[in-house]
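Okay, structure first, notes after.
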Amino acid sequence: MTPLEVQTAGGWRHVDLLAYLDAEEEERAHDDAYAWIKAVRHLAVDGEPFRSRFSVRGDSLWWFAELYLHKTQAMLLAMRVIRAIDALIARDRPGAIRVLPGRHAGVIAQAAGARGIACEGPRQAEGRSTMLRLDARAMRLSAAARLSRLRVAGPPRDTAPVAAFVHRAFWRAGGADGSAESYIGPVLRELEVRGGAGAVRYVGVGPRSNFQARRWWDPLTGYDGHGSVAIERYAPAAAMQASRGVYRQRREILRHLLDSADLRAHAVIRGVDCWSIVREQLAGIALLQFPWSVRAMDEAAAALRSLQPDVAVTYAEAGGWGRALALEARRTGVPLVGLQHGFIYRHWLNYRHEPDEMEPDRVNAEDAGFPRPAKTLLFDEHAAAHLRDAGRFPPGTFDVTGSARLDELIAAVRALTPDDVGRARQEAGASEAQMLVVFAGKEREARGALPALVAAVCAMPAVQLAIKPHPAETAEVYAGVTAGAANVRVLRVSTPLPPLLGAAAGLVTKNSTVAIDALTLGVPSLVIGLPNNLTPFVRDGLMLGAGTEPQIREGLRTLLYDQRFRSSVGAGRVARGGEAAARSAAAILALRRGEQSRS
């Protein structure tokens, strides 16, 4: 919520500013943020375009700067606030606005003033990160990177035909082979089967705990285990010269950014001066994102040098770590394969590129363009169309191989016995008289809509809601919103999904890929928090959509009791024969260096 008070003919009243945005304005705000971020690459810093001005080993660091601007969503929120102020003025014609302490209070005040509305209250958001806090965090991250190398041995002295870069936090405890990887395990296991013993080496990147469960002492503990080798073992201090250099220059880089007249002018958005927000974003890029990104580049380069693979594999290839790996794989001539592991959301800047970004930089001749993998393997034609049209991926750089996880999910659900389904219902807290509904998604994304969902379920005693936490979160994050709800239960993060889907009468989510998989299984879905990345499926009638508590309650009734809708689910999506892992492994091995010349 973004609370404030408005004065109209009826006096002062409290409103939620962002509630004034309808679906069309929400879409426009996303478009505004995308256009604003992408424009930054052309703005002059020290007389050069941003993309050309900052580079390491010839490669532009713009690819990481844009991710930071997109990931924090600060610019998106600013666009939403500005559009919401305009909608509020058009609808209520307030005589004055009283801003309450909160995020972007300064933007609200600036927007109101720019439109001739008297404004009271704080001009800056309370508790917002300062430059000093950002720099302190940069120092902590740098110290953690150094500490993480204190307890690791040297790199294993062997090579492998395939190097798979996997996130440690998503490797299931006790797993000794590739099948333990939570996202692309079936493909990794198939590579082991086809390649034989020792064909695949697993390089573990990132923290070993998920985002919500990390502790300050994690860098001091060992990283290896469960079949993967910590990337720190391949990248000793001597391999980290470039990242140390960028870290030492971080304040100077920030000074150059803040001195840019183009960036300062770009901070005025639709007549509203958003410099306070833009200044913080630039600080985050210089103090946090650039040093971390170059650290990832150094580590990826060292691992590739040591392993000398014929082909490398990863997922989340369009994120920060994936882009660092793609840059270094391209530099060393190792073909990199990116495996789609989830739905490609239409608003993700990670997979949206302008034509010039896919081309070499005209100023910096060493910058060969966006660091895409040599091949990206996709679930379906929908993803392929997105990469071709929105991502500007050239022909031949992506293939549709299907979803190995979906194959596994379908097989697991079909193998369930009545006793399996009964146990799943019991663990979810559903009585014989209750219909089971499962919520799957990230609490962080659905936070604004969860109270309405819980309230709607509490008003329907014949329904039991089971919340399946995302692997990147913990069950504890739901404690506040579910407290006192008799027919809501938060499950363990490790609770298996197939029995839940086999027992569920319906699914609720905001953005989860599970809703798309559920279409194949004939499980209907209700999407809350619209608009979001599942909006196209709602628009096409394949899923239900709801916003307010009454809408959610009505949506649940349709989801559970409307037989016409329930019978239509699954008609728009058909699984591809259950051989996605085999197709993916074959495509990966076909890219091995020298393979094409031998064939």
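To be explicit about the labels: the chains of the structure tokens are called A, B, and onward in the order shown, and within each one the residues are counted from 1, while ligands get numbers from 1 in the order they are shown.
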
For this session: Tell me, as a count of residues only, which residues lie within 12 Å of A:Ala365, counting only C-alpha atoms; anything in the same chain fewer than 2 positions away does not count.
Result: 15

Problem set entry | Selection near stretch 375-379 of chain A, 6 Å with only C-alpha atoms, sequence-local residues under 3 positions removed, as a PyMOL selection string | chain A and resi 337-340+397-403

Exercise. In Å, how far is it from atom CA of A:Arg91 to atom CA of A:Ile528?
Worked result: 25.2 Å

Exercise. Looking at only C-alpha atoms, which of A:Ala486, A:Leu409, A:Gly422, A:Val162 is the one that sits closest to A:Asp517?
Worked result: A:Leu409

Exercise. So what do you get for atom CA of A:Ser293 versus atom CA of A:Arg168, distance-wise?
Worked result: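 Going from atom CA of A:Ser293 over to atom CA of A:Arg168, I get 17.9 Å.
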
Problem set entry | Straight-line distance linking atom CA of A:Thr8 with atom CA of A:Asp22, stated in Å to one decimal | 21.3 Å

For this session: Enumerate as a PyMOL selection string all residues of stretch 420-497 of chain A assigned to strand (DSSP E) by DSSP on the backbone, naming them with the chain letters and numbers the document uses.
Result: chain A and resi 435-441+463-469+488-490

Considering only C-alpha atoms, give me a table of residues in stretch 276-348 of chain A that are at most 7 Å from stretch 532-551 of chain A, with the closest atom pair and distance in Å for each, as CSV.
```
residue,atom,partner,partner_atom,distance
A:Tyr345,CA,A:Asn533,CA,5.4
A:Arg346,CA,A:Asn533,CA,6.1
A:His347,CA,A:Asn533,CA,6.9
```

Could you turn the residues from that selection into a file that holds N, CA and C atoms, as a JSON list (two decimals), in the first residue's frame?
```json
[["chain", "number", "residue", "atom", "x", "y", "z"],
["A", 345, "TYR", "N", 8.54, -14.56, -18.01],
["A", 345, "TYR", "CA", 7.52, -13.55, -17.79],
["A", 345, "TYR", "C", 7.67, -12.40, -18.79],
["A", 346, "ARG", "N", 6.55, -11.94, -19.26],
["A", 346, "ARG", "CA", 6.56, -10.95, -20.34],
["A", 346, "ARG", "C", 7.17, -9.63, -19.90],
["A", 347, "HIS", "N", 7.14, -9.29, -18.60],
["A", 347, "HIS", "CA", 7.70, -8.02, -18.14],
["A", 347, "HIS", "C", 9.16, -8.14, -17.72]]
```

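Comparing the minimum interatomic distances between A:Pro156 and each of A:Ala44, A:Leu307, A:Ala384, A:Leu257, counting only C-alpha atoms, we find that A:Leu307 sits nearest.
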
Using only C-alpha atoms, find each residue in stretch 268-376 of chain A having at least one atom no more than 9 Å away from stretch 69-83 of chain A; report its shortest atom-to-atom pair and that distance in Å (one decimal), rows by chain then rising number, as a Markdown table.
```
| residue | atom | partner | partner_atom | distance |
| --- | --- | --- | --- | --- |
| A:Ile269 | CA | A:Met79 | CA | 8.2 |
| A:Arg270 | CA | A:Ile82 | CA | 8.0 |
| A:Val272 | CA | A:Ile82 | CA | 7.9 |
| A:Cys274 | CA | A:Ala78 | CA | 7.8 |
| A:Ile277 | CA | A:Ala74 | CA | 7.3 |
| A:Val278 | CA | A:Met75 | CA | 7.8 |
| A:Gln281 | CA | A:Leu69 | CA | 6.6 |
| A:Leu282 | CA | A:Leu69 | CA | 8.6 |
| A:Gly284 | CA | A:Leu69 | CA | 8.8 |
| A:Ile285 | CA | A:Leu69 | CA | 8.0 |
| A:Trp348 | CA | A:His70 | CA | 8.1 |
| A:Leu349 | CA | A:His70 | CA | 6.7 |
| A:Asn350 | CA | A:His70 | CA | 8.4 |
```

Exercise. With only C-alpha atoms as the atoms that count, which of A:Leu530, A:Val437, A:Val477, A:Leu491 lies nearest to A:Ala449?
Worked result: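 That would be A:Leu530, the residue with the smallest distance to A:Ala449.
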